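**Q** Can you keep this structure in mind? I'll have questions shortly.
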Amino acid sequence: MVGNRQQGILYIVVPCYNEEEAIKVSAKKLWEKLSQLKSDKLISEKSRIVFVDDGSKDRTWELIKELYESSDEIIGLRFAHNRGHQNAILAGMMYAKDYCDFVITIDADLQQDINAMESFINEYVLGSEIVFGVRNSRDTDGFFKKASATIFYKTMRFLGCNIYENSADYRLMSAKALDALSEYGEVNLFLRGIIPDIGLKTSVVHFDVFPREQGTSKYSLSKMITLAVDGITSFSIKPIRLVFTMGIISLVIGFFMVIHILYEHYFGYTVNGWSSILMSIWLLGGAILISLGIIGEYVGRNYMETKHRPRYYFWETLSHDGGDGAQG
Ligand code: UDP
Ligand code: MG
């Protein structure tokens, strides 16, 4: 879009899945924040809040509709069914990119400190195209979430992904960065990994995390695992190299096994040798099976990508911008 650095148009993108308990309180806080940023002359009067309903089964959409009717500054987008947090954020950002100078994405429960927004905007004014939010501590998370997150980020970095540790999907992106992001055609989306990959000027803002005040976490264990698997498999071919390493190791073991078997054979203990052969069959069988599993994972993903399924489809679009909405 215009690319205004001073007093640019901000669109705040908020993914919502079954957030009927949280949305009203959060909308009020966000709306107050928006007004404050406007009166501080940090953002344009045309700034908006975009709620993306990720196919909620509760009253979330009705509440978004009420908010839309009560204010020109609210936009509502609704998925036909649950497409996941990452797709909801992406959809909101892709919608916003034609109307705004920059977006900030934030969770509907406002666990992330909205008062960090000024720092985000400051970095943008200074010239950053992407500003990453990095959480100060994970004290509000339980042991399991803390441990799994640590393992996940360490693995991702080990596999060569340029991810910020403890980065959240609380971030600012300029319209230019969004344009670049829209070129990424992959279906299995992991924004925290893709966005650092874009290569534009970035900076980092640290923010506090609060416990969820309304409702419960919408990130079930299976959703967390899906996110982790998407992250890992969409970013790395190291597992294939691991297969290669395993192949070398089995060859070396096989070599020693052959010496061992020949030795047994030479001294006539062939019955004993039988167990070594069995062992090698097991070893090789295991290695082949694991290799096949890993290659199969990539082949499977290739297959999914070639389908070019739409990522989302807006069921309804509520907007004061007069746009007809977008389809992925
Ligand atoms: N969310 C979503 N789709 C989903 C699951 C979650 O849009 O399938 C949204 C949810 O409404 C919230 C954000 O993603 O705005 C983060 O979810 P949540 O706060 O439940 O996760 P947690 O903070 O527990 O990791
Ligand atoms: Mg949360």
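Ordered as shown in the structure tokens, chains take letters A, B, and onward, while each chain numbers its residues from 1 and ligands are numbered from 1 in the order shown.
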Please identify all polymer residues within 7 Å of region 182-190 of chain A, counting only C-alpha atoms, omitting same-chain residues fewer than 2 positions from it, and present them as a ChimeraX atom specification.

**A** /A:86,178-180,192-194,230-231,234,305,311

**Q** Write as a list in words the residues around ligand 1, taking 6 Å as the cut-off and counting only C-alpha atoms and all ligand atoms.

**A**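 Every residue with an atom at most 6 Å from ligand 1 is listed here: Pro15, Cys16, Tyr17, Glu19, Asp54, Gly84, His85, Ala88, Asp107, Ala108, Asp109, Ser217, Lys218 and Tyr219 of chain A.
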
**Q** Counting only C-alpha atoms, what is within 12 Å of Lys57 (chain A), bar same-chain residues fewer than 6 positions away, as a PyMOL selection string?

**A** chain A and resi 16-20+78-82

**Q** Could you write out the selected residues, including N, CA and C atoms, as an mmCIF file, in the first residue's frame?

**A**
```
data_model
loop_
_atom_site.group_PDB
_atom_site.id
_atom_site.type_symbol
_atom_site.label_atom_id
_atom_site.label_comp_id
_atom_site.auth_asym_id
_atom_site.auth_seq_id
_atom_site.Cartn_x
_atom_site.Cartn_y
_atom_site.Cartn_z
ATOM 1 N N CYS A 16 -9.737 -15.840 16.190
ATOM 2 C CA CYS A 16 -10.648 -16.231 17.274
ATOM 3 C C CYS A 16 -11.235 -17.600 17.004
ATOM 4 N N TYR A 17 -11.048 -18.509 17.950
ATOM 5 C CA TYR A 17 -11.687 -19.815 17.826
ATOM 6 C C TYR A 17 -12.393 -20.125 19.145
ATOM 7 N N ASN A 18 -13.704 -20.190 19.100
ATOM 8 C CA ASN A 18 -14.512 -20.422 20.301
ATOM 9 C C ASN A 18 -14.134 -19.468 21.441
ATOM 10 N N GLU A 19 -14.133 -18.194 21.127
ATOM 11 C CA GLU A 19 -13.678 -17.196 22.106
ATOM 12 C C GLU A 19 -14.845 -16.390 22.683
ATOM 13 N N GLU A 20 -16.035 -16.982 22.800
ATOM 14 C CA GLU A 20 -17.190 -16.187 23.260
ATOM 15 C C GLU A 20 -16.978 -15.554 24.633
ATOM 16 N N ARG A 78 -15.003 -14.584 8.483
ATOM 17 C CA ARG A 78 -15.384 -15.863 9.073
ATOM 18 C C ARG A 78 -15.035 -17.020 8.147
ATOM 19 N N PHE A 79 -14.340 -18.008 8.689
ATOM 20 C CA PHE A 79 -14.059 -19.222 7.918
ATOM 21 C C PHE A 79 -15.278 -20.132 7.945
ATOM 22 N N ALA A 80 -15.399 -20.917 6.890
ATOM 23 C CA ALA A 80 -16.482 -21.889 6.829
ATOM 24 C C ALA A 80 -16.275 -22.991 7.870
ATOM 25 N N HIS A 81 -15.034 -23.338 8.141
ATOM 26 C CA HIS A 81 -14.761 -24.303 9.208
ATOM 27 C C HIS A 81 -13.386 -24.062 9.802
ATOM 28 N N ASN A 82 -13.066 -24.789 10.854
ATOM 29 C CA ASN A 82 -11.847 -24.545 11.607
ATOM 30 C C ASN A 82 -10.590 -24.874 10.781
#
```

**Q** Check which residues of region 103-181 of chain A sit at most 9 Å from region 38-47 of chain A using only C-alpha atoms, and return one row each with the closest pair of atoms and their distance in Å to one decimal, ordered by chain and rising number, as CSV.

**A**
```
residue,atom,partner,partner_atom,distance
A:Glu118,CA,A:Leu42,CA,8.0
A:Ile121,CA,A:Leu42,CA,7.5
A:Asn122,CA,A:Leu42,CA,8.5
```

**Q** How would the residues just chosen look if you wrote them out with all heavy atoms as a PDB file, in the first residue's frame?

**A**
```
ATOM      1  N   GLU A 118       3.163   0.113  21.260  1.00  0.00           N
ATOM      2  CA  GLU A 118       3.888   1.356  20.996  1.00  0.00           C
ATOM      3  C   GLU A 118       5.322   1.057  20.549  1.00  0.00           C
ATOM      4  O   GLU A 118       5.827   1.672  19.616  1.00  0.00           O
ATOM      5  CB  GLU A 118       3.946   2.253  22.244  1.00  0.00           C
ATOM      6  CG  GLU A 118       2.706   3.095  22.467  1.00  0.00           C
ATOM      7  CD  GLU A 118       1.678   2.385  23.319  1.00  0.00           C
ATOM      8  OE1 GLU A 118       1.776   1.142  23.484  1.00  0.00           O
ATOM      9  OE2 GLU A 118       0.767   3.063  23.834  1.00  0.00           O
ATOM     10  N   ILE A 121       5.364  -0.219  17.015  1.00  0.00           N
ATOM     11  CA  ILE A 121       5.152   0.861  16.046  1.00  0.00           C
ATOM     12  C   ILE A 121       6.405   1.721  15.928  1.00  0.00           C
ATOM     13  O   ILE A 121       6.811   2.111  14.840  1.00  0.00           O
ATOM     14  CB  ILE A 121       3.914   1.705  16.437  1.00  0.00           C
ATOM     15  CG1 ILE A 121       2.673   0.826  16.370  1.00  0.00           C
ATOM     16  CG2 ILE A 121       3.763   2.926  15.531  1.00  0.00           C
ATOM     17  CD1 ILE A 121       1.428   1.428  16.978  1.00  0.00           C
ATOM     18  N   ASN A 122       7.049   1.936  17.078  1.00  0.00           N
ATOM     19  CA  ASN A 122       8.286   2.699  17.087  1.00  0.00           C
ATOM     20  C   ASN A 122       9.334   2.078  16.172  1.00  0.00           C
ATOM     21  O   ASN A 122       9.986   2.760  15.378  1.00  0.00           O
ATOM     22  CB  ASN A 122       8.804   2.755  18.532  1.00  0.00           C
ATOM     23  CG  ASN A 122       9.670   3.950  18.742  1.00  0.00           C
ATOM     24  OD1 ASN A 122       9.611   4.898  17.957  1.00  0.00           O
ATOM     25  ND2 ASN A 122      10.515   3.891  19.759  1.00  0.00           N
TER      26      ASN A 122
END
```

**Q** Write out as a ChimeraX atom specification each polymer residue whose atoms come within 6 Å of Cys100 (chain A), counting only C-alpha atoms; drop sequence neighbours fewer than 3 positions from it.

**A** /A:9-10,96-97

**Q** Rank nothing, just name the residue among A:Gly285, A:Gly76, A:Pro211, A:Gly296 nearest to ligand 2, using only C-alpha atoms and all ligand atoms.

**A** A:Pro211

**Q** Please, which residues of region 78-306 of chain A, numbered as in this document, come out strand (DSSP E or B) from DSSP, as a list in words?

**A**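 For region 78-306 of chain A, the strand (DSSP E or B) set is Arg78, Phe79, Phe102, Val103, Ile104, Thr105, Gln112, Ile130, Val131, Phe132, Gly133, Val134, Arg135, Ser167, Ala168, Asp169, Tyr170, Arg171, Leu172, Met173, Ser174, Thr202, Ser203, Val204, Val205, His206, Phe207 and Val209 of chain A.
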
**Q** Kindly save the residues from that selection, with C-alpha atoms included, as a PDB file, in the first residue's frame.

**A**
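File produced: part-v1.pdb:
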```pdb
ATOM      1  CA  ARG A  78     -15.384 -15.863   9.073  1.00  0.00           C
ATOM      2  CA  PHE A  79     -14.059 -19.222   7.918  1.00  0.00           C
ATOM      3  CA  PHE A 102       1.103  -2.372   8.608  1.00  0.00           C
ATOM      4  CA  VAL A 103      -0.576  -5.055  10.707  1.00  0.00           C
ATOM      5  CA  ILE A 104      -0.100  -6.283  14.251  1.00  0.00           C
ATOM      6  CA  THR A 105      -1.329  -9.805  15.026  1.00  0.00           C
ATOM      7  CA  GLN A 112       0.288 -10.795  25.181  1.00  0.00           C
ATOM      8  CA  ILE A 130       8.894  -6.921  10.454  1.00  0.00           C
ATOM      9  CA  VAL A 131       8.944  -6.591  14.246  1.00  0.00           C
ATOM     10  CA  PHE A 132       8.980  -9.873  16.178  1.00  0.00           C
ATOM     11  CA  GLY A 133       7.457 -10.137  19.599  1.00  0.00           C
ATOM     12  CA  VAL A 134       9.561 -12.257  21.927  1.00  0.00           C
ATOM     13  CA  ARG A 135       8.117 -13.206  25.292  1.00  0.00           C
ATOM     14  CA  SER A 167       8.722 -15.875  19.564  1.00  0.00           C
ATOM     15  CA  ALA A 168       4.963 -15.701  19.475  1.00  0.00           C
ATOM     16  CA  ASP A 169       2.518 -14.846  16.742  1.00  0.00           C
ATOM     17  CA  TYR A 170       2.431 -11.369  18.251  1.00  0.00           C
ATOM     18  CA  ARG A 171       4.216  -9.362  15.592  1.00  0.00           C
ATOM     19  CA  LEU A 172       4.119  -6.369  13.328  1.00  0.00           C
ATOM     20  CA  MET A 173       4.411  -6.690   9.560  1.00  0.00           C
ATOM     21  CA  SER A 174       4.481  -3.911   6.989  1.00  0.00           C
ATOM     22  CA  THR A 202      13.554  -6.914  11.155  1.00  0.00           C
ATOM     23  CA  SER A 203      13.767  -6.055  14.822  1.00  0.00           C
ATOM     24  CA  VAL A 204      12.633  -7.559  18.110  1.00  0.00           C
ATOM     25  CA  VAL A 205      10.429  -6.264  20.915  1.00  0.00           C
ATOM     26  CA  HIS A 206      10.166  -8.057  24.252  1.00  0.00           C
ATOM     27  CA  PHE A 207       6.787  -8.304  25.911  1.00  0.00           C
ATOM     28  CA  VAL A 209       2.736 -12.705  28.957  1.00  0.00           C
TER      29      VAL A 209
END
```

**Q** Any idea what's packed within 9 Å of Ile294 (chain A), counting only C-alpha atoms, ignoring anything in its chain fewer than 4 positions away? Could you give it as a list in words?

**A**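 These residues fall inside the cut-off: Pro239, Ile240, Val243, Leu289, Ile290, Tyr298 and Val299 of chain A.
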
**Q** Which residues come within 8 Å of Leu200 (chain A), counting only C-alpha atoms, excluding same-chain residues fewer than 4 positions away, as a ChimeraX atom specification?

**A** /A:128-130,177

**Q** Quick one, how far is CA of Leu30 (chain A) from CA of Ala116 (chain A)?

**A** 12.3 Å

**Q** Check the smallest atom-to-atom distance from each of A:Ile106, A:Val13, A:Ala91, A:Val125 to ligand 2 using only C-alpha atoms and all ligand atoms, then report the winner.

**A**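 Result for the nearest residue to ligand 2: A:Ile106.
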
**Q** Give me the residues within 8 Å of region 145-152 of chain A as a ChimeraX atom specification, counting only C-alpha atoms and dropping any in the same chain fewer than 5 places off.

**A** /A:138,166,228

**Q** Identify all residues of region 39-173 of chain A in alpha helix (DSSP H) (DSSP on the backbone) and supply them as a VMD selection string.

**A** chain A and resid 39 60 to 70 85 to 96 117 to 125 143 to 158

**Q** Go ahead and save the picked residues with N, CA and C atoms, as a compact mmCIF listing (two decimals), in the first residue's frame.

**A**
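Contents of the output file again-v6.txt:
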```txt
# COMPACT_ATOMS: atom_id res chain seq x y z
N SER A 39 -5.01 8.99 19.24
CA SER A 39 -4.90 10.32 19.84
C SER A 39 -3.44 10.69 20.12
N THR A 60 -19.13 -16.89 19.02
CA THR A 60 -18.09 -15.93 18.63
C THR A 60 -18.51 -15.04 17.46
N TRP A 61 -19.05 -15.68 16.41
CA TRP A 61 -19.38 -14.90 15.21
C TRP A 61 -20.49 -13.89 15.49
N GLU A 62 -21.50 -14.29 16.28
CA GLU A 62 -22.58 -13.35 16.63
C GLU A 62 -22.01 -12.14 17.36
N LEU A 63 -21.05 -12.40 18.24
CA LEU A 63 -20.44 -11.32 19.00
C LEU A 63 -19.61 -10.41 18.09
N ILE A 64 -18.93 -11.00 17.13
CA ILE A 64 -18.14 -10.20 16.17
C ILE A 64 -19.10 -9.31 15.36
N LYS A 65 -20.23 -9.91 15.00
CA LYS A 65 -21.25 -9.17 14.24
C LYS A 65 -21.74 -7.97 15.02
N GLU A 66 -22.01 -8.19 16.32
CA GLU A 66 -22.45 -7.08 17.18
C GLU A 66 -21.39 -5.98 17.23
N LEU A 67 -20.13 -6.40 17.35
CA LEU A 67 -19.04 -5.41 17.40
C LEU A 67 -18.97 -4.63 16.10
N TYR A 68 -19.12 -5.35 15.00
CA TYR A 68 -19.08 -4.73 13.67
C TYR A 68 -20.20 -3.69 13.54
N GLU A 69 -21.37 -4.06 14.05
CA GLU A 69 -22.50 -3.13 13.93
C GLU A 69 -22.33 -1.91 14.82
N SER A 70 -21.58 -2.10 15.93
CA SER A 70 -21.44 -1.00 16.87
C SER A 70 -20.31 -0.04 16.51
N HIS A 85 -5.13 -21.77 13.80
CA HIS A 85 -4.59 -20.47 14.20
C HIS A 85 -3.73 -19.83 13.10
N GLN A 86 -2.80 -20.59 12.53
CA GLN A 86 -1.89 -20.04 11.52
C GLN A 86 -2.63 -19.55 10.28
N ASN A 87 -3.60 -20.32 9.85
CA ASN A 87 -4.38 -19.91 8.68
C ASN A 87 -5.25 -18.70 8.99
N ALA A 88 -5.76 -18.64 10.22
CA ALA A 88 -6.60 -17.50 10.60
C ALA A 88 -5.76 -16.21 10.58
N ILE A 89 -4.55 -16.28 11.12
CA ILE A 89 -3.69 -15.10 11.11
C ILE A 89 -3.35 -14.71 9.67
N LEU A 90 -3.00 -15.72 8.88
CA LEU A 90 -2.61 -15.44 7.50
C LEU A 90 -3.76 -14.79 6.74
N ALA A 91 -4.95 -15.35 6.92
CA ALA A 91 -6.12 -14.82 6.22
C ALA A 91 -6.35 -13.36 6.59
N GLY A 92 -6.28 -13.07 7.88
CA GLY A 92 -6.49 -11.70 8.35
C GLY A 92 -5.45 -10.76 7.75
N MET A 93 -4.21 -11.21 7.72
CA MET A 93 -3.13 -10.36 7.19
C MET A 93 -3.28 -10.15 5.69
N MET A 94 -3.65 -11.22 4.97
CA MET A 94 -3.80 -11.10 3.52
C MET A 94 -4.98 -10.19 3.17
N TYR A 95 -6.00 -10.24 4.02
CA TYR A 95 -7.13 -9.33 3.81
C TYR A 95 -6.65 -7.89 4.03
N ALA A 96 -5.93 -7.69 5.13
CA ALA A 96 -5.55 -6.34 5.55
C ALA A 96 -4.55 -5.67 4.61
N MET A 117 2.55 -2.53 22.02
CA MET A 117 2.28 -2.07 20.65
C MET A 117 3.03 -0.79 20.29
N GLU A 118 3.16 0.11 21.26
CA GLU A 118 3.89 1.36 21.00
C GLU A 118 5.32 1.06 20.55
N SER A 119 5.97 0.08 21.24
CA SER A 119 7.34 -0.27 20.88
C SER A 119 7.39 -0.88 19.48
N PHE A 120 6.40 -1.72 19.16
CA PHE A 120 6.33 -2.30 17.80
C PHE A 120 6.28 -1.17 16.77
N ILE A 121 5.36 -0.22 17.01
CA ILE A 121 5.15 0.86 16.05
C ILE A 121 6.40 1.72 15.93
N ASN A 122 7.05 1.94 17.08
CA ASN A 122 8.29 2.70 17.09
C ASN A 122 9.33 2.08 16.17
N GLU A 123 9.49 0.75 16.26
CA GLU A 123 10.46 0.04 15.42
C GLU A 123 10.08 0.18 13.94
N TYR A 124 8.79 0.13 13.68
CA TYR A 124 8.31 0.27 12.30
C TYR A 124 8.63 1.67 11.77
N VAL A 125 8.39 2.68 12.60
CA VAL A 125 8.66 4.06 12.19
C VAL A 125 10.16 4.21 11.89
N PHE A 143 4.28 -26.61 33.37
CA PHE A 143 5.55 -27.29 33.10
C PHE A 143 5.58 -27.91 31.72
N PHE A 144 4.48 -28.57 31.35
CA PHE A 144 4.45 -29.28 30.07
C PHE A 144 4.64 -28.33 28.89
N LYS A 145 3.91 -27.23 28.92
CA LYS A 145 3.99 -26.28 27.81
C LYS A 145 5.39 -25.67 27.72
N LYS A 146 5.95 -25.38 28.89
CA LYS A 146 7.29 -24.78 28.95
C LYS A 146 8.31 -25.75 28.35
N ALA A 147 8.26 -27.01 28.82
CA ALA A 147 9.25 -28.00 28.39
C ALA A 147 9.08 -28.29 26.90
N SER A 148 7.83 -28.47 26.46
CA SER A 148 7.64 -28.82 25.05
C SER A 148 8.06 -27.67 24.15
N ALA A 149 7.80 -26.43 24.59
CA ALA A 149 8.20 -25.28 23.77
C ALA A 149 9.72 -25.22 23.65
N THR A 150 10.41 -25.44 24.79
CA THR A 150 11.88 -25.39 24.75
C THR A 150 12.42 -26.43 23.80
N ILE A 151 11.94 -27.68 23.92
CA ILE A 151 12.41 -28.75 23.04
C ILE A 151 12.14 -28.38 21.58
N PHE A 152 10.94 -27.85 21.34
CA PHE A 152 10.54 -27.52 19.97
C PHE A 152 11.46 -26.46 19.35
N TYR A 153 11.70 -25.37 20.08
CA TYR A 153 12.53 -24.30 19.51
C TYR A 153 13.97 -24.76 19.31
N LYS A 154 14.46 -25.56 20.27
CA LYS A 154 15.83 -26.07 20.13
C LYS A 154 15.92 -26.96 18.89
N THR A 155 14.93 -27.85 18.70
CA THR A 155 14.94 -28.74 17.54
C THR A 155 14.90 -27.93 16.25
N MET A 156 14.02 -26.94 16.21
CA MET A 156 13.89 -26.13 15.01
C MET A 156 15.21 -25.45 14.66
N ARG A 157 15.87 -24.92 15.68
CA ARG A 157 17.13 -24.23 15.41
C ARG A 157 18.20 -25.23 14.97
N PHE A 158 18.18 -26.42 15.61
CA PHE A 158 19.13 -27.47 15.23
C PHE A 158 18.92 -27.85 13.76
```

**Q** Mind giving me the straight-line distance from CA of Phe210 (chain A) to CA of Arg83 (chain A) in Å, one decimal?

**A**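 Between these atoms lies a distance of 25.8 Å.
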
**Q** Pick out the closest residue to ligand 2 from this set: A:Leu37, A:Val14, A:Ile74, A:Ile288. Count only C-alpha atoms and all ligand atoms.

**A**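 Result for the nearest residue to ligand 2: A:Val14.
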
**Q** Which one of A:Asp101, A:Gly8, A:Arg212, A:Gly160 sits closest to ligand 2 if you count only C-alpha atoms and all ligand atoms?

**A**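 Result for the nearest residue to ligand 2: A:Arg212.
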